[in-house]
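Have a look at model04.pdb below; it lists PDB, C-alpha atoms, pLDDT in the B column.
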MODEL        1
ATOM      1  CA  GLU A 260       0.000   0.000   0.000  1.00 55.00           C
ATOM      2  CA  THR A 261       1.370   3.363  -0.958  1.00 69.00           C
ATOM      3  CA  GLY A 262       1.220   6.029   1.730  1.00 92.00           C
ATOM      4  CA  VAL A 263      -1.426   8.314   0.274  1.00 95.00           C
ATOM      5  CA  THR A 264      -3.751   7.203  -2.503  1.00 95.00           C
ATOM      6  CA  GLN A 265      -6.071   9.385  -4.498  1.00 96.00           C
ATOM      7  CA  THR A 266      -8.927   8.479  -6.813  1.00 96.00           C
ATOM      8  CA  PRO A 267      -9.746   9.150  -9.518  1.00 96.00           C
ATOM      9  CA  ARG A 268      -6.442  10.076 -11.112  1.00 94.00           C
ATOM     10  CA  HIS A 269      -8.208  11.913 -13.921  1.00 95.00           C
ATOM     11  CA  LEU A 270     -11.670  13.469 -13.973  1.00 94.00           C
ATOM     12  CA  VAL A 271     -13.465  15.406 -16.681  1.00 94.00           C
ATOM     13  CA  MET A 272     -16.716  17.027 -15.709  1.00 91.00           C
ATOM     14  CA  GLY A 273     -19.192  19.550 -16.951  1.00 88.00           C
ATOM     15  CA  MET A 274     -20.054  22.658 -15.009  1.00 85.00           C
ATOM     16  CA  THR A 275     -23.369  21.217 -13.834  1.00 85.00           C
ATOM     17  CA  ASN A 276     -21.994  17.888 -12.635  1.00 86.00           C
ATOM     18  CA  LYS A 277     -21.437  16.755  -9.078  1.00 92.00           C
ATOM     19  CA  LYS A 278     -18.410  14.623  -8.403  1.00 94.00           C
ATOM     20  CA  SER A 279     -16.121  13.742  -5.530  1.00 96.00           C
ATOM     21  CA  LEU A 280     -12.398  13.230  -5.115  1.00 97.00           C
ATOM     22  CA  LYS A 281     -11.252  10.647  -2.615  1.00 98.00           C
ATOM     23  CA  CYS A 282      -8.080  10.405  -0.584  1.00 97.00           C
ATOM     24  CA  GLU A 283      -6.916   7.686   1.767  1.00 97.00           C
ATOM     25  CA  GLN A 284      -3.781   7.643   3.871  1.00 95.00           C
ATOM     26  CA  HIS A 285      -2.199   4.504   5.283  1.00 94.00           C
ATOM     27  CA  LEU A 286       0.416   6.246   7.419  1.00 92.00           C
ATOM     28  CA  GLY A 287      -1.487   6.651  10.681  1.00 91.00           C
ATOM     29  CA  HIS A 288      -1.260  10.429  10.425  1.00 90.00           C
ATOM     30  CA  ASN A 289      -3.607  12.779  12.238  1.00 88.00           C
ATOM     31  CA  ALA A 290      -3.838  15.615   9.731  1.00 89.00           C
ATOM     32  CA  MET A 291      -5.005  15.640   6.103  1.00 92.00           C
ATOM     33  CA  TYR A 292      -4.945  18.382   3.509  1.00 92.00           C
ATOM     34  CA  TRP A 293      -6.317  19.351   0.134  1.00 94.00           C
ATOM     35  CA  TYR A 294      -4.069  21.434  -2.103  1.00 94.00           C
ATOM     36  CA  LYS A 295      -4.791  22.897  -5.515  1.00 94.00           C
ATOM     37  CA  GLN A 296      -1.953  23.078  -8.026  1.00 94.00           C
ATOM     38  CA  SER A 297      -2.401  25.323 -11.043  1.00 91.00           C
ATOM     39  CA  ALA A 298       0.236  26.045 -13.641  1.00 83.00           C
ATOM     40  CA  LYS A 299       2.799  28.686 -12.686  1.00 75.00           C
ATOM     41  CA  LYS A 300       1.268  29.223  -9.247  1.00 81.00           C
ATOM     42  CA  PRO A 301       2.332  28.124  -5.767  1.00 82.00           C
ATOM     43  CA  LEU A 302       0.437  25.244  -4.267  1.00 88.00           C
ATOM     44  CA  GLU A 303      -2.714  26.617  -2.726  1.00 89.00           C
ATOM     45  CA  LEU A 304      -3.912  25.151   0.548  1.00 88.00           C
ATOM     46  CA  MET A 305      -7.641  24.590   0.396  1.00 92.00           C
ATOM     47  CA  PHE A 306      -8.574  22.692   3.532  1.00 91.00           C
ATOM     48  CA  VAL A 307      -6.938  21.102   6.539  1.00 89.00           C
ATOM     49  CA  TYR A 308      -8.326  18.544   8.936  1.00 90.00           C
ATOM     50  CA  SER A 309      -6.039  18.540  11.924  1.00 82.00           C
ATOM     51  CA  LEU A 310      -6.706  16.307  14.906  1.00 72.00           C
ATOM     52  CA  GLU A 311     -10.326  16.148  13.739  1.00 67.00           C
ATOM     53  CA  GLU A 312     -10.652  19.928  13.596  1.00 77.00           C
ATOM     54  CA  ARG A 313     -11.339  21.544  10.265  1.00 81.00           C
ATOM     55  CA  VAL A 314      -9.410  24.629   9.281  1.00 76.00           C
ATOM     56  CA  GLU A 315     -10.650  26.461   6.249  1.00 65.00           C
ATOM     57  CA  ASN A 316      -9.060  28.700   3.733  1.00 71.00           C
ATOM     58  CA  ASN A 317     -11.697  31.376   3.442  1.00 69.00           C
ATOM     59  CA  SER A 318     -10.782  32.139  -0.126  1.00 85.00           C
ATOM     60  CA  VAL A 319     -11.967  28.725  -1.340  1.00 91.00           C
ATOM     61  CA  PRO A 320     -15.361  28.957  -3.102  1.00 92.00           C
ATOM     62  CA  SER A 321     -18.290  27.098  -1.597  1.00 91.00           C
ATOM     63  CA  ARG A 322     -18.552  24.903  -4.696  1.00 94.00           C
ATOM     64  CA  PHE A 323     -15.730  22.919  -3.048  1.00 95.00           C
ATOM     65  CA  SER A 324     -16.871  21.012   0.019  1.00 93.00           C
ATOM     66  CA  PRO A 325     -14.547  18.780   2.070  1.00 93.00           C
ATOM     67  CA  GLU A 326     -15.512  15.822   4.188  1.00 93.00           C
ATOM     68  CA  CYS A 327     -13.327  13.901   6.620  1.00 92.00           C
ATOM     69  CA  PRO A 328     -15.243  10.921   8.056  1.00 91.00           C
ATOM     70  CA  ASN A 329     -12.182   9.638   9.934  1.00 90.00           C
ATOM     71  CA  SER A 330      -8.478  10.292  10.196  1.00 89.00           C
ATOM     72  CA  SER A 331      -7.661   8.062   7.231  1.00 93.00           C
ATOM     73  CA  HIS A 332     -10.122   9.331   4.661  1.00 95.00           C
ATOM     74  CA  LEU A 333     -10.697  12.689   3.066  1.00 96.00           C
ATOM     75  CA  PHE A 334     -13.115  13.702   0.330  1.00 96.00           C
ATOM     76  CA  LEU A 335     -13.520  16.791  -1.785  1.00 97.00           C
ATOM     77  CA  HIS A 336     -17.034  17.201  -3.113  1.00 96.00           C
ATOM     78  CA  LEU A 337     -17.340  19.232  -6.281  1.00 95.00           C
ATOM     79  CA  HIS A 338     -20.441  20.901  -7.667  1.00 92.00           C
ATOM     80  CA  THR A 339     -21.149  23.541 -10.298  1.00 92.00           C
ATOM     81  CA  LEU A 340     -17.474  24.067 -10.962  1.00 92.00           C
ATOM     82  CA  GLN A 341     -16.008  26.601 -13.353  1.00 93.00           C
ATOM     83  CA  PRO A 342     -13.395  26.037 -16.077  1.00 93.00           C
ATOM     84  CA  GLU A 343     -10.847  27.934 -13.968  1.00 93.00           C
ATOM     85  CA  ASP A 344     -11.153  25.197 -11.362  1.00 95.00           C
ATOM     86  CA  SER A 345      -9.312  22.860 -13.723  1.00 95.00           C
ATOM     87  CA  ALA A 346      -6.119  21.900 -11.919  1.00 96.00           C
ATOM     88  CA  LEU A 347      -4.274  19.112 -10.159  1.00 95.00           C
ATOM     89  CA  TYR A 348      -5.791  18.488  -6.728  1.00 97.00           C
ATOM     90  CA  LEU A 349      -3.324  17.018  -4.286  1.00 95.00           C
ATOM     91  CA  CYS A 350      -4.104  15.322  -1.021  1.00 96.00           C
ATOM     92  CA  ALA A 351      -1.509  15.164   1.721  1.00 94.00           C
ATOM     93  CA  SER A 352      -1.176  13.938   5.262  1.00 92.00           C
ATOM     94  CA  SER A 353       1.133  14.664   8.164  1.00 89.00           C
ATOM     95  CA  GLN A 354       1.587  13.900  11.829  1.00 85.00           C
ATOM     96  CA  GLU A 355       1.016  16.890  14.080  1.00 76.00           C
ATOM     97  CA  SER A 356       2.490  16.873  17.553  1.00 65.00           C
ATOM     98  CA  HIS A 357      -0.260  19.122  18.899  1.00 59.00           C
ATOM     99  CA  PRO A 358      -3.178  21.091  17.486  1.00 56.00           C
ATOM    100  CA  GLY A 359      -1.813  23.698  15.136  1.00 55.00           C
ATOM    101  CA  GLY A 360       1.690  22.372  15.572  1.00 58.00           C
ATOM    102  CA  ASN A 361       3.117  21.319  12.265  1.00 58.00           C
ATOM    103  CA  THR A 362       6.557  19.862  12.681  1.00 61.00           C
ATOM    104  CA  GLY A 363       6.378  16.955  10.284  1.00 71.00           C
ATOM    105  CA  GLU A 364       6.708  16.749   6.575  1.00 84.00           C
ATOM    106  CA  LEU A 365       3.751  16.360   4.259  1.00 89.00           C
ATOM    107  CA  PHE A 366       3.245  13.131   2.373  1.00 92.00           C
ATOM    108  CA  PHE A 367       1.392  13.597  -0.881  1.00 93.00           C
ATOM    109  CA  GLY A 368      -0.721  11.454  -3.129  1.00 93.00           C
ATOM    110  CA  GLU A 369      -0.276  11.455  -6.894  1.00 92.00           C
ATOM    111  CA  GLY A 370      -3.110  13.891  -7.354  1.00 94.00           C
ATOM    112  CA  SER A 371      -6.393  14.023  -9.218  1.00 96.00           C
ATOM    113  CA  ARG A 372      -6.203  15.878 -12.521  1.00 95.00           C
ATOM    114  CA  LEU A 373      -9.502  17.719 -12.900  1.00 95.00           C
ATOM    115  CA  THR A 374     -10.731  19.218 -16.147  1.00 95.00           C
ATOM    116  CA  VAL A 375     -13.921  21.273 -16.109  1.00 93.00           C
ATOM    117  CA  LEU A 376     -15.532  21.765 -19.507  1.00 91.00           C
TER
ATOM    118  CA  ALA B 295       3.874  38.785   0.314  1.00 57.00           C
ATOM    119  CA  GLN B 296       5.338  35.530  -0.920  1.00 67.00           C
ATOM    120  CA  LYS B 297       6.733  33.511   1.944  1.00 90.00           C
ATOM    121  CA  VAL B 298       8.797  31.228  -0.258  1.00 94.00           C
ATOM    122  CA  THR B 299      10.476  32.412  -3.437  1.00 94.00           C
ATOM    123  CA  GLN B 300      12.179  30.276  -6.027  1.00 95.00           C
ATOM    124  CA  ALA B 301      13.664  32.670  -8.546  1.00 94.00           C
ATOM    125  CA  GLN B 302      14.875  29.930 -10.878  1.00 96.00           C
ATOM    126  CA  THR B 303      11.944  28.793 -12.988  1.00 94.00           C
ATOM    127  CA  GLU B 304      13.838  26.421 -15.273  1.00 96.00           C
ATOM    128  CA  ILE B 305      17.316  24.927 -15.178  1.00 97.00           C
ATOM    129  CA  SER B 306      18.996  22.616 -17.655  1.00 97.00           C
ATOM    130  CA  VAL B 307      22.193  20.760 -16.919  1.00 97.00           C
ATOM    131  CA  VAL B 308      24.139  18.020 -18.625  1.00 97.00           C
ATOM    132  CA  GLU B 309      24.222  14.673 -16.904  1.00 97.00           C
ATOM    133  CA  LYS B 310      26.890  14.355 -14.195  1.00 97.00           C
ATOM    134  CA  GLU B 311      27.028  18.096 -13.586  1.00 97.00           C
ATOM    135  CA  ASP B 312      26.244  19.444 -10.148  1.00 97.00           C
ATOM    136  CA  VAL B 313      23.218  21.700  -9.827  1.00 97.00           C
ATOM    137  CA  THR B 314      22.085  23.990  -7.010  1.00 97.00           C
ATOM    138  CA  LEU B 315      18.494  25.060  -6.529  1.00 97.00           C
ATOM    139  CA  ASP B 316      17.881  28.311  -4.694  1.00 97.00           C
ATOM    140  CA  CYS B 317      15.139  29.224  -2.272  1.00 97.00           C
ATOM    141  CA  VAL B 318      14.494  32.334  -0.209  1.00 96.00           C
ATOM    142  CA  TYR B 319      11.984  32.277   2.620  1.00 95.00           C
ATOM    143  CA  GLU B 320      10.295  34.772   4.868  1.00 94.00           C
ATOM    144  CA  THR B 321       9.091  34.162   8.414  1.00 91.00           C
ATOM    145  CA  ARG B 322       8.898  35.939  11.738  1.00 88.00           C
ATOM    146  CA  ASP B 323       8.830  32.714  13.715  1.00 86.00           C
ATOM    147  CA  THR B 324      12.009  31.683  15.469  1.00 87.00           C
ATOM    148  CA  THR B 325      11.106  28.029  15.059  1.00 87.00           C
ATOM    149  CA  TYR B 326      10.328  26.834  11.566  1.00 89.00           C
ATOM    150  CA  TYR B 327      11.033  24.009   9.156  1.00 90.00           C
ATOM    151  CA  LEU B 328      12.221  24.037   5.589  1.00 92.00           C
ATOM    152  CA  PHE B 329      11.647  21.314   3.027  1.00 93.00           C
ATOM    153  CA  TRP B 330      12.500  20.337  -0.500  1.00 95.00           C
ATOM    154  CA  TYR B 331      10.056  18.288  -2.523  1.00 95.00           C
ATOM    155  CA  LYS B 332      10.425  16.696  -5.951  1.00 96.00           C
ATOM    156  CA  GLN B 333       7.526  16.390  -8.372  1.00 94.00           C
ATOM    157  CA  PRO B 334       8.164  14.023 -11.287  1.00 92.00           C
ATOM    158  CA  PRO B 335       5.776  13.904 -14.258  1.00 87.00           C
ATOM    159  CA  SER B 336       3.584  11.385 -12.415  1.00 83.00           C
ATOM    160  CA  GLY B 337       2.402  14.254 -10.232  1.00 84.00           C
ATOM    161  CA  GLU B 338       3.163  13.082  -6.708  1.00 87.00           C
ATOM    162  CA  LEU B 339       5.242  15.461  -4.621  1.00 91.00           C
ATOM    163  CA  VAL B 340       7.961  13.398  -3.016  1.00 92.00           C
ATOM    164  CA  PHE B 341       9.509  14.581   0.229  1.00 91.00           C
ATOM    165  CA  LEU B 342      13.294  14.864  -0.086  1.00 93.00           C
ATOM    166  CA  ILE B 343      14.798  16.672   2.861  1.00 91.00           C
ATOM    167  CA  ARG B 344      13.883  18.732   5.881  1.00 90.00           C
ATOM    168  CA  ARG B 345      15.840  21.327   7.807  1.00 90.00           C
ATOM    169  CA  ASN B 346      15.031  22.765  11.207  1.00 88.00           C
ATOM    170  CA  SER B 347      15.513  26.438  11.948  1.00 88.00           C
ATOM    171  CA  PHE B 348      18.172  25.674  14.520  1.00 84.00           C
ATOM    172  CA  ASP B 349      20.298  23.544  12.176  1.00 82.00           C
ATOM    173  CA  GLU B 350      23.535  25.256  11.239  1.00 77.00           C
ATOM    174  CA  GLN B 351      25.692  22.695   9.481  1.00 82.00           C
ATOM    175  CA  ASN B 352      25.716  21.668   5.884  1.00 84.00           C
ATOM    176  CA  GLU B 353      23.931  18.362   5.496  1.00 87.00           C
ATOM    177  CA  ILE B 354      24.516  15.581   3.016  1.00 86.00           C
ATOM    178  CA  SER B 355      22.541  12.520   2.091  1.00 87.00           C
ATOM    179  CA  GLY B 356      23.758  10.563  -0.895  1.00 93.00           C
ATOM    180  CA  ARG B 357      23.879  12.889  -3.877  1.00 95.00           C
ATOM    181  CA  TYR B 358      21.847  15.552  -2.097  1.00 95.00           C
ATOM    182  CA  SER B 359      23.270  18.285   0.089  1.00 93.00           C
ATOM    183  CA  TRP B 360      21.649  21.340   1.577  1.00 92.00           C
ATOM    184  CA  ASN B 361      22.344  24.358   3.687  1.00 91.00           C
ATOM    185  CA  SER B 362      20.522  27.397   4.957  1.00 89.00           C
ATOM    186  CA  GLN B 363      21.684  30.876   5.862  1.00 88.00           C
ATOM    187  CA  LYS B 364      19.587  32.833   8.336  1.00 88.00           C
ATOM    188  CA  SER B 365      21.338  36.064   7.458  1.00 89.00           C
ATOM    189  CA  THR B 366      20.014  35.870   3.910  1.00 92.00           C
ATOM    190  CA  SER B 367      16.971  33.655   4.599  1.00 93.00           C
ATOM    191  CA  SER B 368      18.181  31.281   1.955  1.00 94.00           C
ATOM    192  CA  PHE B 369      17.819  27.531   1.739  1.00 94.00           C
ATOM    193  CA  ASN B 370      19.780  25.925  -1.066  1.00 94.00           C
ATOM    194  CA  PHE B 371      19.691  22.373  -2.321  1.00 95.00           C
ATOM    195  CA  THR B 372      22.430  20.763  -4.398  1.00 96.00           C
ATOM    196  CA  ILE B 373      22.312  17.620  -6.472  1.00 97.00           C
ATOM    197  CA  THR B 374      25.754  16.216  -7.151  1.00 96.00           C
ATOM    198  CA  ALA B 375      26.502  14.272 -10.331  1.00 97.00           C
ATOM    199  CA  SER B 376      23.016  14.801 -11.718  1.00 97.00           C
ATOM    200  CA  GLN B 377      21.188  11.987 -13.474  1.00 97.00           C
ATOM    201  CA  VAL B 378      18.370  11.964 -16.007  1.00 96.00           C
ATOM    202  CA  VAL B 379      16.040  10.609 -13.313  1.00 95.00           C
ATOM    203  CA  ASP B 380      16.566  13.843 -11.401  1.00 97.00           C
ATOM    204  CA  SER B 381      14.539  15.682 -14.045  1.00 97.00           C
ATOM    205  CA  ALA B 382      11.471  17.009 -12.246  1.00 96.00           C
ATOM    206  CA  VAL B 383      10.015  20.118 -10.681  1.00 96.00           C
ATOM    207  CA  TYR B 384      11.509  20.890  -7.287  1.00 97.00           C
ATOM    208  CA  PHE B 385       9.561  22.781  -4.651  1.00 96.00           C
ATOM    209  CA  CYS B 386      10.877  24.538  -1.604  1.00 95.00           C
ATOM    210  CA  ALA B 387       8.482  24.791   1.343  1.00 93.00           C
ATOM    211  CA  LEU B 388       8.293  26.467   4.729  1.00 92.00           C
ATOM    212  CA  SER B 389       6.333  25.361   7.765  1.00 88.00           C
ATOM    213  CA  GLU B 390       6.078  27.497  10.867  1.00 83.00           C
ATOM    214  CA  ALA B 391       5.857  25.828  14.273  1.00 76.00           C
ATOM    215  CA  THR B 392       2.574  27.610  14.949  1.00 72.00           C
ATOM    216  CA  GLY B 393      -0.224  26.934  12.533  1.00 67.00           C
ATOM    217  CA  ASN B 394      -0.702  24.094  10.072  1.00 66.00           C
ATOM    218  CA  GLN B 395       0.114  25.969   6.908  1.00 75.00           C
ATOM    219  CA  PHE B 396       2.863  24.875   4.560  1.00 85.00           C
ATOM    220  CA  TYR B 397       4.044  27.601   2.202  1.00 89.00           C
ATOM    221  CA  PHE B 398       5.356  26.432  -1.150  1.00 92.00           C
ATOM    222  CA  GLY B 399       7.387  28.197  -3.791  1.00 93.00           C
ATOM    223  CA  THR B 400       6.400  28.160  -7.438  1.00 92.00           C
ATOM    224  CA  GLY B 401       8.898  25.442  -8.227  1.00 94.00           C
ATOM    225  CA  THR B 402      12.044  25.052 -10.306  1.00 96.00           C
ATOM    226  CA  SER B 403      11.851  22.791 -13.322  1.00 96.00           C
ATOM    227  CA  LEU B 404      15.089  20.843 -13.658  1.00 97.00           C
ATOM    228  CA  THR B 405      15.991  19.072 -16.875  1.00 97.00           C
ATOM    229  CA  VAL B 406      19.016  16.807 -16.919  1.00 97.00           C
ATOM    230  CA  ILE B 407      20.213  16.212 -20.448  1.00 97.00           C
ATOM    231  CA  PRO B 408      21.855  12.864 -21.167  1.00 95.00           C
TER
ENDMDL
END
Hey, can you dump this file as structure tokens for me?
Amino acid sequence: ETGVTQTPRHLVMGMTNKKSLKCEQHLGHNAMYWYKQSAKKPLELMFVYSLEERVENNSVPSRFSPECPNSSHLFLHLHTLQPEDSALYLCASSQESHPGGNTGELFFGEGSRLTVL
Amino acid sequence: AQKVTQAQTEISVVEKEDVTLDCVYETRDTTYYLFWYKQPPSGELVFLIRRNSFDEQNEISGRYSWNSQKSTSSFNFTITASQVVDSAVYFCALSEATGNQFYFGTGTSLTVIP
């Protein structure tokens, strides 16, 4: 089992569709993240679930909705997306020593390449 | 303001040459962590190395070496005797001890020519 697995690897959807991205980590970590990677831009943190507490990036549109049912699974629900949302969505996990205390490295999945038509 | 800056957008080297990737960071925390990640075409960001804010010595692991300078807020990463498999995009990242935000640079695309 690889450390962090993401499905699907590729997704094409129309603007009216509803889809979900899934992430699973097998590392026993207590924090999970969604990042958006667009060309020529720094990785953008979208959401963090840290020790079962959700931390939001307030700049993320509401058409992105995360769900973390347990410490090993993370979802990103997508609805009524826009073409500019096309990007590589990366899931990551880490082990935090205390709430808000990030001392460990991030372990990433291979990403879900999203194309919005 | 950008917390992590990678001024080199693309670098090309011939196989077996050494190559240094530059990174400049910005933080007010006294305790922080610096990282280098590699992203091959497959897409996964692979953790390479980590440096703590209190580390002062040059560090080496295999063909990788790295050092940071607090006076210039720089964190450089060197690949010795580069190989074609080193071709990838390399990201520098900063994590502050408070907060769960990792700040990434825009990446340096390295091409190693056989």
* How many Å separate atom CA of A:Val263 from atom CA of B:Thr400? ->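 Pair atom CA of A:Val263 / atom CA of B:Thr400 returns 22.7 Å.
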* atom CA of A:Thr339 and atom CA of A:Val314 are how many Å apart? ->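 Straight-line distance from atom CA of A:Thr339 to atom CA of A:Val314 works out to 22.9 Å.
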* Evaluate the PyMOL selection byres ((chain B and resi 310-326) around 7) here and jot the selected residues down as a PyMOL selection string. => chain B and resi 297-300+307-309+327-328+346-347+367-377+386+389-391
* To do: Up to 9 Å from chain A, what residues of chain B turn up? Count all atoms listed in the file and give them as a PyMOL selection string.
  => chain B and resi 326-327+329+336-341+343-344+389-401
* Asked: Which one is closest to B:Thr405: B:Ala301, B:Ser306, B:Ile354, B:Ser362? Count only C-alpha atoms.
  ->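 Ranking B:Ala301, B:Ser306, B:Ile354, B:Ser362 by distance to B:Thr405, first place goes to B:Ser306.
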* Using the chain letters and numbers from the file, which residues does the PyMOL selection byres ((chain A and resi 327) around 12) grab, as a PyMOL selection string? -> chain A and resi 280-284+289-293+306-314+324-326+328-336
* Asked: Within 8 Å of B:Ile305, counting only C-alpha atoms, which residues qualify if same-chain residues fewer than 6 places away don't, as a ChimeraX atom specification?
  -> /B:402-405
* Contacts of B:Pro335 at 10 Å or less, counting only C-alpha atoms, minus same-chain residues fewer than 5 places along, as a ChimeraX atom specification? -> /A:369 /B:381-383
With C-alpha atoms kept, could you save the residues just selected as a PDB file, in the coordinates of the input?
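selection26.pdb, written as the output of this step:
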ATOM      1  CA  GLU A 369      -0.276  11.455  -6.894  1.00 92.00           C
TER       2      GLU A 369
ATOM      3  CA  SER B 381      14.539  15.682 -14.045  1.00 97.00           C
ATOM      4  CA  ALA B 382      11.471  17.009 -12.246  1.00 96.00           C
ATOM      5  CA  VAL B 383      10.015  20.118 -10.681  1.00 96.00           C
TER       6      VAL B 383
END
* Asked: Do you have the atom CA of A:Glu343-atom CA of A:Leu376 distance handy?
  ->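 Between atom CA of A:Glu343 and atom CA of A:Leu376 the gap works out to 9.5 Å.
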Any chance you could build stretch 321-337 of chain A out to N, CA and C atoms and write it as a short mmCIF file (atom, residue, chain, number, x, y, z; two decimals), in the frame of the given file?
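What ended up in part.cif:
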data_model
loop_
_atom_site.label_atom_id
_atom_site.label_comp_id
_atom_site.auth_asym_id
_atom_site.auth_seq_id
_atom_site.Cartn_x
_atom_site.Cartn_y
_atom_site.Cartn_z
N SER A 321 -17.42 28.09 -2.23
CA SER A 321 -18.29 27.10 -1.60
C SER A 321 -18.63 25.93 -2.52
N ARG A 322 -18.31 26.04 -3.79
CA ARG A 322 -18.55 24.90 -4.70
C ARG A 322 -17.58 23.74 -4.41
N PHE A 323 -16.60 23.98 -3.55
CA PHE A 323 -15.73 22.92 -3.05
C PHE A 323 -16.13 22.62 -1.60
N SER A 324 -16.42 21.38 -1.31
CA SER A 324 -16.87 21.01 0.02
C SER A 324 -16.10 19.79 0.52
N PRO A 325 -15.31 19.92 1.57
CA PRO A 325 -14.55 18.78 2.07
C PRO A 325 -15.35 17.95 3.06
N GLU A 326 -14.92 16.71 3.19
CA GLU A 326 -15.51 15.82 4.19
C GLU A 326 -14.42 14.91 4.71
N CYS A 327 -14.34 14.76 6.02
CA CYS A 327 -13.33 13.90 6.62
C CYS A 327 -14.02 12.98 7.62
N PRO A 328 -14.49 11.81 7.17
CA PRO A 328 -15.24 10.92 8.06
C PRO A 328 -14.39 10.29 9.16
N ASN A 329 -13.10 10.15 8.91
CA ASN A 329 -12.18 9.64 9.93
C ASN A 329 -10.77 10.09 9.57
N SER A 330 -9.83 9.75 10.39
CA SER A 330 -8.48 10.29 10.20
C SER A 330 -7.77 9.72 8.98
N SER A 331 -8.33 8.69 8.38
CA SER A 331 -7.66 8.06 7.23
C SER A 331 -8.27 8.45 5.89
N HIS A 332 -9.42 9.05 5.90
CA HIS A 332 -10.12 9.33 4.66
C HIS A 332 -10.50 10.80 4.55
N LEU A 333 -10.36 11.30 3.34
CA LEU A 333 -10.70 12.69 3.07
C LEU A 333 -11.35 12.77 1.69
N PHE A 334 -12.42 13.52 1.60
CA PHE A 334 -13.12 13.70 0.33
C PHE A 334 -13.15 15.18 -0.02
N LEU A 335 -13.26 15.44 -1.31
CA LEU A 335 -13.52 16.79 -1.78
C LEU A 335 -14.70 16.71 -2.74
N HIS A 336 -15.82 17.23 -2.30
CA HIS A 336 -17.03 17.20 -3.11
C HIS A 336 -17.07 18.44 -4.00
N LEU A 337 -17.39 18.19 -5.27
CA LEU A 337 -17.34 19.23 -6.28
C LEU A 337 -18.73 19.43 -6.89
#
